[in-house]
2 protein chains.
Amino acid sequence: MANHDTKLSLIFQALSDPTRRAMLAHLSQGAVPVSELARPTGLALPTVMRHLQVLEDAALISTEKTGRTRMCSARPETLSATMDWMSEQRAIWVARTDRLEAMLKTLGEKDT
Amino acid sequence: MANHDTKLSLIFQALSDPTRRAMLAHLSQGAVPVSELARPTGLALPTVMRHLQVLEDAALISTEKTGRTRMCSARPETLSATMDWMSEQRAIWVARTDRLEAMLKTLGEKDT
DNA sequence: CTGTTACTTAGCATTATGGCTAATCATGAC
DNA sequence: GTCATGATTAGCCATAATGCTAAGTAACAG
């Protein structure tokens with residue numbers, strides 16, 4: 001299994017493109033074949049394929065081919081894992097800010 | 001104010017680099033001058049400056065110059081906003097999955 | 001078996017990203 | 001003033017990302 005840091009990079013990289021975010025949003029409606037996913041983007045199929053590859057490498061979607069159509073579906077658990085990271089970061093920042101504010105408040109009271 | 005979608009792109013793009021994530025983590029310890037932020041990365045100063053620019057454009061940090069040193073600090077509210085987007089996406093996906101599971105379960109019970 | 005459909009692969013052009021060095025600017029210390 | 005320090009700007013290089021077209025494969029339809 002790849003490094004956690006590497007995985008985060010892949011996920012954020014994948015999410016950084018508006019086209020890919022739109023495709024993810026589209027997938028919230030359920031599993032969808034490649035060509036239907038491509039249609040609203042107005043992009044050429046090979047281009048869409050590469051976006052899908054990026055999303056799949058990041059584990060944000062999974063795909064399965066049956067016959068000649070490939071179905072794509074979202075993987076919410078990856079988003080959850082990413083939110084965990086963000087949530088952790090934010091918590092540390094906020095905790096610090098709170099401590100700082102408390103300190104300033106204490107100093108202020110002493111001053112009164 | 002820029003488009004919401006554009007902002008998300010900037011944020012995710014900024015978060016997609018491990019060096020920048022490390023710098024953000026470093027900033028959880030509080031405001032830090034550019035050179036101290038640069039030291040642990042082992043990168044040249046101009047390189048670090050560009051990372052900072054990316055982070056600032058994404059509103060993930062704010063910086064202020066006093067004298068000849070520039071202090072950098074984290075902006076947790078931007079992370080929060082980003083989590084909101086993710087949380088929304090995930091909620092839709094999960095809701096759908098739940099519905100699907102409920103449906104399958106119902107079908108299963110009928111079958112019994 | 002022939003044609004159509006749905007992807008897939010290969011290759012190319014353009015732009016963005018991430019790194020560097022060298023040179024410049026601005027402030028603070030002597 | 002002169003010099004050191006911290007940051008900044010300019011410019012270069014290598015690689016990766018995003019788009020395309022054209023050609024190839026694979027399954028289904030008749």
# chains A, B, ... in the order shown; residues from 1 in each chain; ligands from 1
>>> calpha_fit_and_write(fixed="chain A", moving="chain B", output="short mmCIF file (atom, residue, chain, number, x, y, z; two decimals) with C-alpha atoms, in the first residue's frame")
data_model
loop_
_atom_site.label_atom_id
_atom_site.label_comp_id
_atom_site.auth_asym_id
_atom_site.auth_seq_id
_atom_site.Cartn_x
_atom_site.Cartn_y
_atom_site.Cartn_z
CA MET B 1 -0.19 0.00 -0.02
CA ALA B 2 1.18 3.38 -0.97
CA ASN B 3 2.27 5.95 1.52
CA HIS B 4 -0.53 7.86 3.21
CA ASP B 5 0.98 11.13 2.08
CA THR B 6 1.10 9.95 -1.51
CA LYS B 7 -2.55 8.96 -1.34
CA LEU B 8 -3.51 12.40 -0.06
CA SER B 9 -1.59 13.98 -2.92
CA LEU B 10 -3.43 11.87 -5.46
CA ILE B 11 -6.80 12.69 -3.93
CA PHE B 12 -6.27 16.44 -3.72
CA GLN B 13 -4.76 16.48 -7.18
CA ALA B 14 -7.81 14.65 -8.50
CA LEU B 15 -10.18 17.06 -6.77
CA SER B 16 -8.35 20.12 -8.05
CA ASP B 17 -9.93 19.93 -11.50
CA PRO B 18 -13.47 21.30 -12.00
CA THR B 19 -14.25 18.77 -14.71
CA ARG B 20 -13.41 15.93 -12.37
CA ARG B 21 -15.42 17.46 -9.56
CA ALA B 22 -18.36 17.75 -11.96
CA MET B 23 -17.96 14.11 -12.87
CA LEU B 24 -17.95 13.16 -9.20
CA ALA B 25 -21.10 15.19 -8.66
CA HIS B 26 -22.67 13.42 -11.60
CA LEU B 27 -21.81 10.09 -10.00
CA SER B 28 -23.80 10.99 -6.92
CA GLN B 29 -26.79 10.00 -9.04
CA GLY B 30 -25.42 6.48 -9.06
CA ALA B 31 -23.31 4.31 -11.32
CA VAL B 32 -22.95 5.66 -14.83
CA PRO B 33 -21.25 4.40 -18.01
CA VAL B 34 -18.23 6.29 -19.35
CA SER B 35 -20.00 7.79 -22.33
CA GLU B 36 -22.85 9.21 -20.27
CA LEU B 37 -20.30 10.69 -17.89
CA ALA B 38 -18.52 12.22 -20.86
CA ARG B 39 -21.55 13.78 -22.56
CA PRO B 40 -22.21 16.76 -20.26
CA THR B 41 -18.52 17.68 -20.19
CA GLY B 42 -18.33 18.30 -23.92
CA LEU B 43 -14.87 16.74 -23.94
CA ALA B 44 -13.53 14.04 -26.22
CA LEU B 45 -13.80 10.51 -24.88
CA PRO B 46 -10.05 9.90 -24.50
CA THR B 47 -9.82 13.07 -22.45
CA VAL B 48 -12.58 11.87 -20.18
CA MET B 49 -10.87 8.51 -19.88
CA ARG B 50 -7.81 10.20 -18.49
CA HIS B 51 -9.85 12.08 -15.94
CA LEU B 52 -11.40 8.80 -14.92
CA GLN B 53 -7.97 7.26 -14.57
CA VAL B 54 -6.94 10.06 -12.24
CA LEU B 55 -10.08 9.64 -10.17
CA GLU B 56 -9.64 5.90 -9.98
CA ASP B 57 -5.96 6.16 -9.03
CA ALA B 58 -7.06 8.42 -6.22
CA ALA B 59 -9.63 5.81 -5.16
CA LEU B 60 -12.38 8.40 -5.53
CA ILE B 61 -14.25 6.17 -7.93
CA SER B 62 -14.29 2.53 -8.90
CA THR B 63 -15.10 1.20 -12.33
CA GLU B 64 -16.11 -2.14 -13.70
CA LYS B 65 -16.43 -3.25 -17.26
CA THR B 66 -19.22 -5.55 -18.34
CA GLY B 67 -19.60 -6.27 -22.02
CA ARG B 68 -18.39 -3.17 -23.80
CA THR B 69 -19.58 -0.61 -21.31
CA ARG B 70 -17.66 0.47 -18.22
CA MET B 71 -19.69 1.56 -15.24
CA CYS B 72 -18.26 4.13 -12.86
CA SER B 73 -19.30 4.73 -9.26
CA ALA B 74 -18.23 7.00 -6.43
CA ARG B 75 -16.30 5.83 -3.37
CA PRO B 76 -17.47 7.97 -0.46
CA GLU B 77 -15.07 6.36 2.01
CA THR B 78 -12.15 8.05 0.29
CA LEU B 79 -13.73 11.44 0.78
CA SER B 80 -14.26 10.55 4.41
CA ALA B 81 -10.61 9.67 4.89
CA THR B 82 -9.59 12.95 3.32
CA MET B 83 -11.94 14.88 5.54
CA ASP B 84 -10.33 13.20 8.50
CA TRP B 85 -6.99 14.68 7.56
CA MET B 86 -8.47 18.13 7.07
CA SER B 87 -10.43 17.91 10.23
CA GLU B 88 -7.29 17.00 12.15
CA GLN B 89 -5.34 19.91 10.71
CA ARG B 90 -8.09 22.33 11.43
CA ALA B 91 -8.49 21.06 14.96
CA ILE B 92 -4.84 21.75 15.70
CA TRP B 93 -5.03 25.25 14.23
CA VAL B 94 -8.24 26.08 16.01
CA ALA B 95 -7.01 24.68 19.30
CA ARG B 96 -4.02 26.96 19.02
CA THR B 97 -6.12 29.95 18.12
CA ASP B 98 -8.41 29.24 21.08
CA ARG B 99 -5.46 29.01 23.43
CA LEU B 100 -4.15 32.26 22.07
CA GLU B 101 -7.49 33.97 22.50
CA ALA B 102 -7.85 32.59 26.00
CA MET B 103 -4.42 33.90 26.83
CA LEU B 104 -5.19 37.31 25.41
CA LYS B 105 -8.45 37.38 27.31
CA THR B 106 -6.70 36.47 30.55
CA LEU B 107 -4.18 39.19 30.00
CA GLY B 108 -6.99 41.60 29.27
CA GLU B 109 -8.77 40.71 32.51
CA LYS B 110 -5.60 41.12 34.51
CA ASP B 111 -5.33 44.51 32.90
CA THR B 112 -8.78 45.60 34.10
#
>>> interface_residues(of="chain D", to="chain B", cutoff="12 Å", atoms="only C-alpha atoms (C1' of nucleotides)", output="PDB file with N, CA and C atoms (P, O5', C5', C4', C3', O3' and C1' of nucleotides), in the first residue's frame")
ATOM      1  P    DT D   5      24.710  37.570   8.218  1.00  0.00           P
ATOM      2  O5'  DT D   5      23.172  37.969   8.020  1.00  0.00           O
ATOM      3  C5'  DT D   5      22.538  38.733   9.034  1.00  0.00           C
ATOM      4  C4'  DT D   5      21.083  38.927   8.653  1.00  0.00           C
ATOM      5  C3'  DT D   5      20.435  37.663   8.104  1.00  0.00           C
ATOM      6  O3'  DT D   5      19.161  37.562   8.708  1.00  0.00           O
ATOM      7  C1'  DT D   5      20.181  39.424   6.574  1.00  0.00           C
ATOM      8  P    DG D   6      18.295  36.271   8.618  1.00  0.00           P
ATOM      9  O5'  DG D   6      17.062  36.790   7.756  1.00  0.00           O
ATOM     10  C5'  DG D   6      16.217  37.784   8.298  1.00  0.00           C
ATOM     11  C4'  DG D   6      15.190  38.116   7.267  1.00  0.00           C
ATOM     12  C3'  DG D   6      14.577  36.868   6.628  1.00  0.00           C
ATOM     13  O3'  DG D   6      13.166  37.026   6.610  1.00  0.00           O
ATOM     14  C1'  DG D   6      15.525  38.272   4.973  1.00  0.00           C
ATOM     15  P    DA D   7      12.190  36.008   5.937  1.00  0.00           P
ATOM     16  O5'  DA D   7      11.953  36.707   4.521  1.00  0.00           O
ATOM     17  C5'  DA D   7      11.432  38.033   4.540  1.00  0.00           C
ATOM     18  C4'  DA D   7      11.502  38.621   3.172  1.00  0.00           C
ATOM     19  C3'  DA D   7      10.647  37.910   2.120  1.00  0.00           C
ATOM     20  O3'  DA D   7       9.702  38.852   1.660  1.00  0.00           O
ATOM     21  C1'  DA D   7      12.788  38.473   1.287  1.00  0.00           C
ATOM     22  P    DT D   8       8.512  38.432   0.724  1.00  0.00           P
ATOM     23  O5'  DT D   8       9.123  38.744  -0.720  1.00  0.00           O
ATOM     24  C5'  DT D   8       9.493  40.080  -1.012  1.00  0.00           C
ATOM     25  C4'  DT D   8      10.210  40.155  -2.335  1.00  0.00           C
ATOM     26  C3'  DT D   8       9.473  39.487  -3.481  1.00  0.00           C
ATOM     27  O3'  DT D   8       8.963  40.520  -4.314  1.00  0.00           O
ATOM     28  C1'  DT D   8      11.827  39.123  -3.552  1.00  0.00           C
ATOM     29  P    DT D   9       8.122  40.259  -5.621  1.00  0.00           P
ATOM     30  O5'  DT D   9       9.175  40.261  -6.822  1.00  0.00           O
ATOM     31  C5'  DT D   9      10.141  41.291  -6.893  1.00  0.00           C
ATOM     32  C4'  DT D   9      11.034  41.038  -8.095  1.00  0.00           C
ATOM     33  C3'  DT D   9      10.304  40.421  -9.289  1.00  0.00           C
ATOM     34  O3'  DT D   9      10.610  41.225 -10.420  1.00  0.00           O
ATOM     35  C1'  DT D   9      12.221  39.142  -8.735  1.00  0.00           C
ATOM     36  P    DA D  10      10.066  40.942 -11.877  1.00  0.00           P
ATOM     37  O5'  DA D  10      11.249  40.082 -12.529  1.00  0.00           O
ATOM     38  C5'  DA D  10      12.595  40.470 -12.311  1.00  0.00           C
ATOM     39  C4'  DA D  10      13.517  39.651 -13.208  1.00  0.00           C
ATOM     40  C3'  DA D  10      12.827  39.035 -14.429  1.00  0.00           C
ATOM     41  O3'  DA D  10      13.738  39.091 -15.522  1.00  0.00           O
ATOM     42  C1'  DA D  10      13.747  37.323 -13.098  1.00  0.00           C
TER      43       DA D  10
END
>>> select_by_dssp(residues="chain B", states="alpha helix (DSSP H)", output="ChimeraX atom specification")
/B:4-15,18-27,34-38,45-57,76-111
>>> select_by_dssp(residues="chain B", states="strand (DSSP E)", output="ChimeraX atom specification")
/B:32-33,61-66,69-74
>>> closest_atom_pairs(of="chain C", to="chain B", cutoff="8 Å", atoms="only C-alpha atoms (C1' of nucleotides)", output="Markdown table")
| residue | atom | partner | partner_atom | distance |
| --- | --- | --- | --- | --- |
| C:DG18 | C1' | B:Thr47 | CA | 7.6 |
| C:DG19 | C1' | B:Thr47 | CA | 6.9 |
| C:DC20 | C1' | B:Ala44 | CA | 7.7 |
| C:DA26 | C1' | B:Arg68 | CA | 6.9 |
| C:DT27 | C1' | B:Arg68 | CA | 5.5 |
>>> residues_around(residues="DT17 (chain C)", least_positions_apart="4", cutoff="10 Å", atoms="only C-alpha atoms (C1' of nucleotides)", output="ChimeraX atom specification")
/D:15-17
>>> atom_distance(atom1="C1' of DG19 (chain D)", atom2="C1' of DT5 (chain C)")
23.9 Å
>>> residues_around(residues="DT21 (chain D)", least_positions_apart="2", cutoff="10 Å", atoms="only C-alpha atoms (C1' of nucleotides)", output="PyMOL selection string")
(chain A and resi 44) or (chain C and resi 11-12) or (chain D and resi 23)
>>> write_last_selection(atoms="N, CA, C and O atoms (P, O5', C5', C4', C3', O3' and C1' of nucleotides)", output="PDB file, in the first residue's frame")
ATOM      1  N   ALA A  44     -13.662  15.383 -25.421  1.00  0.00           N
ATOM      2  CA  ALA A  44     -13.478  14.167 -26.208  1.00  0.00           C
ATOM      3  C   ALA A  44     -13.351  12.972 -25.267  1.00  0.00           C
ATOM      4  O   ALA A  44     -12.865  13.101 -24.142  1.00  0.00           O
TER       5      ALA A  44
ATOM      6  P    DG C  11       3.222   5.662 -29.975  1.00  0.00           P
ATOM      7  O5'  DG C  11       2.879   7.169 -30.359  1.00  0.00           O
ATOM      8  C5'  DG C  11       2.257   7.428 -31.629  1.00  0.00           C
ATOM      9  C4'  DG C  11       1.937   8.904 -31.699  1.00  0.00           C
ATOM     10  C3'  DG C  11       3.066   9.791 -31.176  1.00  0.00           C
ATOM     11  O3'  DG C  11       3.274  10.836 -32.106  1.00  0.00           O
ATOM     12  C1'  DG C  11       1.046  10.382 -30.167  1.00  0.00           C
ATOM     13  P    DC C  12       4.517  11.845 -31.949  1.00  0.00           P
ATOM     14  O5'  DC C  12       3.768  13.242 -31.884  1.00  0.00           O
ATOM     15  C5'  DC C  12       2.719  13.528 -32.816  1.00  0.00           C
ATOM     16  C4'  DC C  12       1.970  14.763 -32.336  1.00  0.00           C
ATOM     17  C3'  DC C  12       2.897  15.854 -31.801  1.00  0.00           C
ATOM     18  O3'  DC C  12       2.641  17.080 -32.461  1.00  0.00           O
ATOM     19  C1'  DC C  12       1.134  15.412 -30.284  1.00  0.00           C
TER      20       DC C  12
ATOM     21  P    DA D  23      -5.769   7.767 -39.221  1.00  0.00           P
ATOM     22  O5'  DA D  23      -5.469   6.392 -38.476  1.00  0.00           O
ATOM     23  C5'  DA D  23      -4.245   6.305 -37.716  1.00  0.00           C
ATOM     24  C4'  DA D  23      -4.408   5.238 -36.672  1.00  0.00           C
ATOM     25  C3'  DA D  23      -5.055   3.958 -37.223  1.00  0.00           C
ATOM     26  O3'  DA D  23      -4.357   2.843 -36.689  1.00  0.00           O
ATOM     27  C1'  DA D  23      -6.207   4.673 -35.326  1.00  0.00           C
TER      28       DA D  23
END
>>> decode(residues="chain D", atoms="N, CA and C atoms (P, O5', C5', C4', C3', O3' and C1' of nucleotides)", output="short mmCIF file (atom, residue, chain, number, x, y, z; two decimals), in the first residue's frame")
data_model
loop_
_atom_site.label_atom_id
_atom_site.label_comp_id
_atom_site.auth_asym_id
_atom_site.auth_seq_id
_atom_site.Cartn_x
_atom_site.Cartn_y
_atom_site.Cartn_z
P DG D 1 25.10 58.25 4.41
"O5'" DG D 1 26.01 57.16 3.70
"C5'" DG D 1 27.29 57.61 3.33
"C4'" DG D 1 28.27 56.66 3.98
"C3'" DG D 1 28.38 55.34 3.23
"O3'" DG D 1 29.71 54.87 3.37
"C1'" DG D 1 27.62 54.92 5.42
P DT D 2 30.26 53.95 2.17
"O5'" DT D 2 30.14 52.53 2.93
"C5'" DT D 2 30.85 52.36 4.17
"C4'" DT D 2 30.60 50.97 4.71
"C3'" DT D 2 30.40 49.89 3.65
"O3'" DT D 2 31.10 48.74 4.13
"C1'" DT D 2 28.54 49.92 5.07
P DC D 3 31.49 47.53 3.19
"O5'" DC D 3 30.83 46.30 3.97
"C5'" DC D 3 30.91 46.26 5.40
"C4'" DC D 3 29.76 45.44 5.96
"C3'" DC D 3 29.42 44.21 5.09
"O3'" DC D 3 29.31 43.11 5.98
"C1'" DC D 3 27.47 45.43 5.58
P DA D 4 29.50 41.61 5.46
"O5'" DA D 4 28.27 40.91 6.16
"C5'" DA D 4 28.11 41.07 7.58
"C4'" DA D 4 26.65 40.91 7.91
"C3'" DA D 4 26.05 39.62 7.37
"O3'" DA D 4 25.32 39.03 8.42
"C1'" DA D 4 24.75 41.47 6.67
P DT D 5 24.71 37.57 8.22
"O5'" DT D 5 23.17 37.97 8.02
"C5'" DT D 5 22.54 38.73 9.03
"C4'" DT D 5 21.08 38.93 8.65
"C3'" DT D 5 20.44 37.66 8.10
"O3'" DT D 5 19.16 37.56 8.71
"C1'" DT D 5 20.18 39.42 6.57
P DG D 6 18.29 36.27 8.62
"O5'" DG D 6 17.06 36.79 7.76
"C5'" DG D 6 16.22 37.78 8.30
"C4'" DG D 6 15.19 38.12 7.27
"C3'" DG D 6 14.58 36.87 6.63
"O3'" DG D 6 13.17 37.03 6.61
"C1'" DG D 6 15.53 38.27 4.97
P DA D 7 12.19 36.01 5.94
"O5'" DA D 7 11.95 36.71 4.52
"C5'" DA D 7 11.43 38.03 4.54
"C4'" DA D 7 11.50 38.62 3.17
"C3'" DA D 7 10.65 37.91 2.12
"O3'" DA D 7 9.70 38.85 1.66
"C1'" DA D 7 12.79 38.47 1.29
P DT D 8 8.51 38.43 0.72
"O5'" DT D 8 9.12 38.74 -0.72
"C5'" DT D 8 9.49 40.08 -1.01
"C4'" DT D 8 10.21 40.15 -2.34
"C3'" DT D 8 9.47 39.49 -3.48
"O3'" DT D 8 8.96 40.52 -4.31
"C1'" DT D 8 11.83 39.12 -3.55
P DT D 9 8.12 40.26 -5.62
"O5'" DT D 9 9.18 40.26 -6.82
"C5'" DT D 9 10.14 41.29 -6.89
"C4'" DT D 9 11.03 41.04 -8.09
"C3'" DT D 9 10.30 40.42 -9.29
"O3'" DT D 9 10.61 41.22 -10.42
"C1'" DT D 9 12.22 39.14 -8.73
P DA D 10 10.07 40.94 -11.88
"O5'" DA D 10 11.25 40.08 -12.53
"C5'" DA D 10 12.60 40.47 -12.31
"C4'" DA D 10 13.52 39.65 -13.21
"C3'" DA D 10 12.83 39.04 -14.43
"O3'" DA D 10 13.74 39.09 -15.52
"C1'" DA D 10 13.75 37.32 -13.10
P DG D 11 13.28 38.54 -16.97
"O5'" DG D 11 13.99 37.10 -17.01
"C5'" DG D 11 15.40 37.03 -16.78
"C4'" DG D 11 15.81 35.59 -16.76
"C3'" DG D 11 15.15 34.75 -17.87
"O3'" DG D 11 16.15 33.96 -18.48
"C1'" DG D 11 14.87 33.72 -15.81
P DC D 12 15.87 33.22 -19.88
"O5'" DC D 12 16.22 31.72 -19.49
"C5'" DC D 12 17.51 31.41 -18.94
"C4'" DC D 12 17.42 30.10 -18.21
"C3'" DC D 12 16.82 28.97 -19.04
"O3'" DC D 12 17.85 28.07 -19.43
"C1'" DC D 12 16.00 28.97 -16.80
P DC D 13 17.51 26.91 -20.46
"O5'" DC D 13 17.09 25.70 -19.51
"C5'" DC D 13 17.97 25.25 -18.50
"C4'" DC D 13 17.29 24.12 -17.75
"C3'" DC D 13 16.67 23.09 -18.68
"O3'" DC D 13 17.20 21.81 -18.37
"C1'" DC D 13 15.12 23.81 -17.03
P DA D 14 16.76 20.54 -19.23
"O5'" DA D 14 15.66 19.87 -18.29
"C5'" DA D 14 16.04 19.51 -16.96
"C4'" DA D 14 14.87 18.85 -16.30
"C3'" DA D 14 14.22 17.75 -17.14
"O3'" DA D 14 14.00 16.64 -16.29
"C1'" DA D 14 12.61 19.40 -16.60
P DT D 15 13.29 15.32 -16.87
"O5'" DT D 15 11.79 15.44 -16.33
"C5'" DT D 15 11.57 15.75 -14.97
"C4'" DT D 15 10.09 16.05 -14.78
"C3'" DT D 15 9.17 14.99 -15.39
"O3'" DT D 15 8.38 14.54 -14.31
"C1'" DT D 15 8.46 17.18 -15.94
P DA D 16 7.26 13.38 -14.47
"O5'" DA D 16 5.89 14.22 -14.40
"C5'" DA D 16 5.71 15.11 -13.31
"C4'" DA D 16 4.42 15.85 -13.50
"C3'" DA D 16 3.24 14.96 -13.88
"O3'" DA D 16 2.14 15.46 -13.14
"C1'" DA D 16 3.52 16.63 -15.51
P DA D 17 0.71 14.75 -13.20
"O5'" DA D 17 -0.16 15.82 -14.01
"C5'" DA D 17 -0.21 17.14 -13.54
"C4'" DA D 17 -1.10 17.96 -14.42
"C3'" DA D 17 -2.40 17.26 -14.84
"O3'" DA D 17 -3.43 18.20 -14.74
"C1'" DA D 17 -1.22 17.93 -16.75
P DT D 18 -4.95 17.77 -14.93
"O5'" DT D 18 -5.30 18.26 -16.40
"C5'" DT D 18 -5.45 19.65 -16.66
"C4'" DT D 18 -5.68 19.82 -18.14
"C3'" DT D 18 -6.85 18.99 -18.66
"O3'" DT D 18 -7.78 19.86 -19.26
"C1'" DT D 18 -4.95 18.79 -20.04
P DG D 19 -9.26 19.32 -19.58
"O5'" DG D 19 -9.14 18.98 -21.15
"C5'" DG D 19 -9.46 19.95 -22.08
"C4'" DG D 19 -8.62 19.84 -23.33
"C3'" DG D 19 -9.01 18.74 -24.34
"O3'" DG D 19 -10.19 19.06 -25.04
"C1'" DG D 19 -6.66 19.07 -24.26
P DC D 20 -10.96 17.95 -25.89
"O5'" DC D 20 -10.05 17.76 -27.19
"C5'" DC D 20 -9.77 18.87 -28.03
"C4'" DC D 20 -8.73 18.51 -29.06
"C3'" DC D 20 -9.11 17.30 -29.91
"O3'" DC D 20 -9.79 17.74 -31.07
"C1'" DC D 20 -6.87 17.09 -29.10
P DT D 21 -10.63 16.69 -31.93
"O5'" DT D 21 -9.62 16.06 -33.01
"C5'" DT D 21 -8.49 16.77 -33.51
"C4'" DT D 21 -7.58 15.76 -34.22
"C3'" DT D 21 -8.33 14.73 -35.05
"O3'" DT D 21 -7.55 14.45 -36.22
"C1'" DT D 21 -7.08 13.63 -33.40
P DA D 22 -8.24 13.60 -37.41
"O5'" DA D 22 -7.37 12.27 -37.39
"C5'" DA D 22 -5.99 12.33 -37.03
"C4'" DA D 22 -5.49 10.91 -36.89
"C3'" DA D 22 -6.28 9.90 -37.72
"O3'" DA D 22 -5.38 8.87 -38.13
"C1'" DA D 22 -6.44 9.31 -35.48
P DA D 23 -5.77 7.77 -39.22
"O5'" DA D 23 -5.47 6.39 -38.48
"C5'" DA D 23 -4.25 6.31 -37.72
"C4'" DA D 23 -4.41 5.24 -36.67
"C3'" DA D 23 -5.06 3.96 -37.22
"O3'" DA D 23 -4.36 2.84 -36.69
"C1'" DA D 23 -6.21 4.67 -35.33
P DG D 24 -4.63 1.35 -37.21
"O5'" DG D 24 -5.11 0.63 -35.88
"C5'" DG D 24 -4.19 0.53 -34.80
"C4'" DG D 24 -4.94 0.05 -33.58
"C3'" DG D 24 -5.62 -1.31 -33.78
"O3'" DG D 24 -5.23 -2.17 -32.73
"C1'" DG D 24 -7.13 0.27 -32.89
P DT D 25 -5.45 -3.75 -32.96
"O5'" DT D 25 -6.61 -4.06 -31.92
"C5'" DT D 25 -6.32 -3.91 -30.53
"C4'" DT D 25 -7.62 -3.92 -29.75
"C3'" DT D 25 -8.40 -5.23 -29.91
"O3'" DT D 25 -8.67 -5.68 -28.60
"C1'" DT D 25 -9.81 -3.37 -30.17
P DA D 26 -9.14 -7.18 -28.32
"O5'" DA D 26 -10.45 -7.07 -27.44
"C5'" DA D 26 -10.93 -5.79 -27.02
"C4'" DA D 26 -12.41 -5.88 -26.80
"C3'" DA D 26 -13.02 -7.25 -27.05
"O3'" DA D 26 -14.18 -7.32 -26.26
"C1'" DA D 26 -13.91 -5.77 -28.57
P DA D 27 -14.79 -8.69 -25.75
"O5'" DA D 27 -16.34 -8.43 -26.05
"C5'" DA D 27 -17.05 -7.59 -25.14
"C4'" DA D 27 -18.21 -6.98 -25.88
"C3'" DA D 27 -19.30 -8.01 -26.24
"O3'" DA D 27 -20.54 -7.39 -26.03
"C1'" DA D 27 -18.66 -6.84 -28.15
P DC D 28 -21.63 -8.18 -25.14
"O5'" DC D 28 -22.97 -7.95 -25.98
"C5'" DC D 28 -23.39 -6.61 -26.20
"C4'" DC D 28 -23.78 -6.40 -27.64
"C3'" DC D 28 -24.86 -7.37 -28.14
"O3'" DC D 28 -26.09 -6.65 -28.12
"C1'" DC D 28 -23.23 -6.80 -29.82
P DA D 29 -27.25 -6.90 -29.12
"O5'" DA D 29 -26.60 -6.23 -30.42
"C5'" DA D 29 -26.92 -4.88 -30.76
"C4'" DA D 29 -27.39 -4.80 -32.20
"C3'" DA D 29 -28.64 -5.65 -32.50
"O3'" DA D 29 -29.41 -4.93 -33.46
"C1'" DA D 29 -26.82 -6.45 -33.79
P DG D 30 -30.70 -5.62 -34.08
"O5'" DG D 30 -30.14 -6.11 -35.49
"C5'" DG D 30 -29.72 -5.13 -36.45
"C4'" DG D 30 -29.34 -5.79 -37.75
"C3'" DG D 30 -30.43 -6.70 -38.34
"O3'" DG D 30 -30.55 -6.48 -39.75
"C1'" DG D 30 -28.42 -7.91 -38.10
#
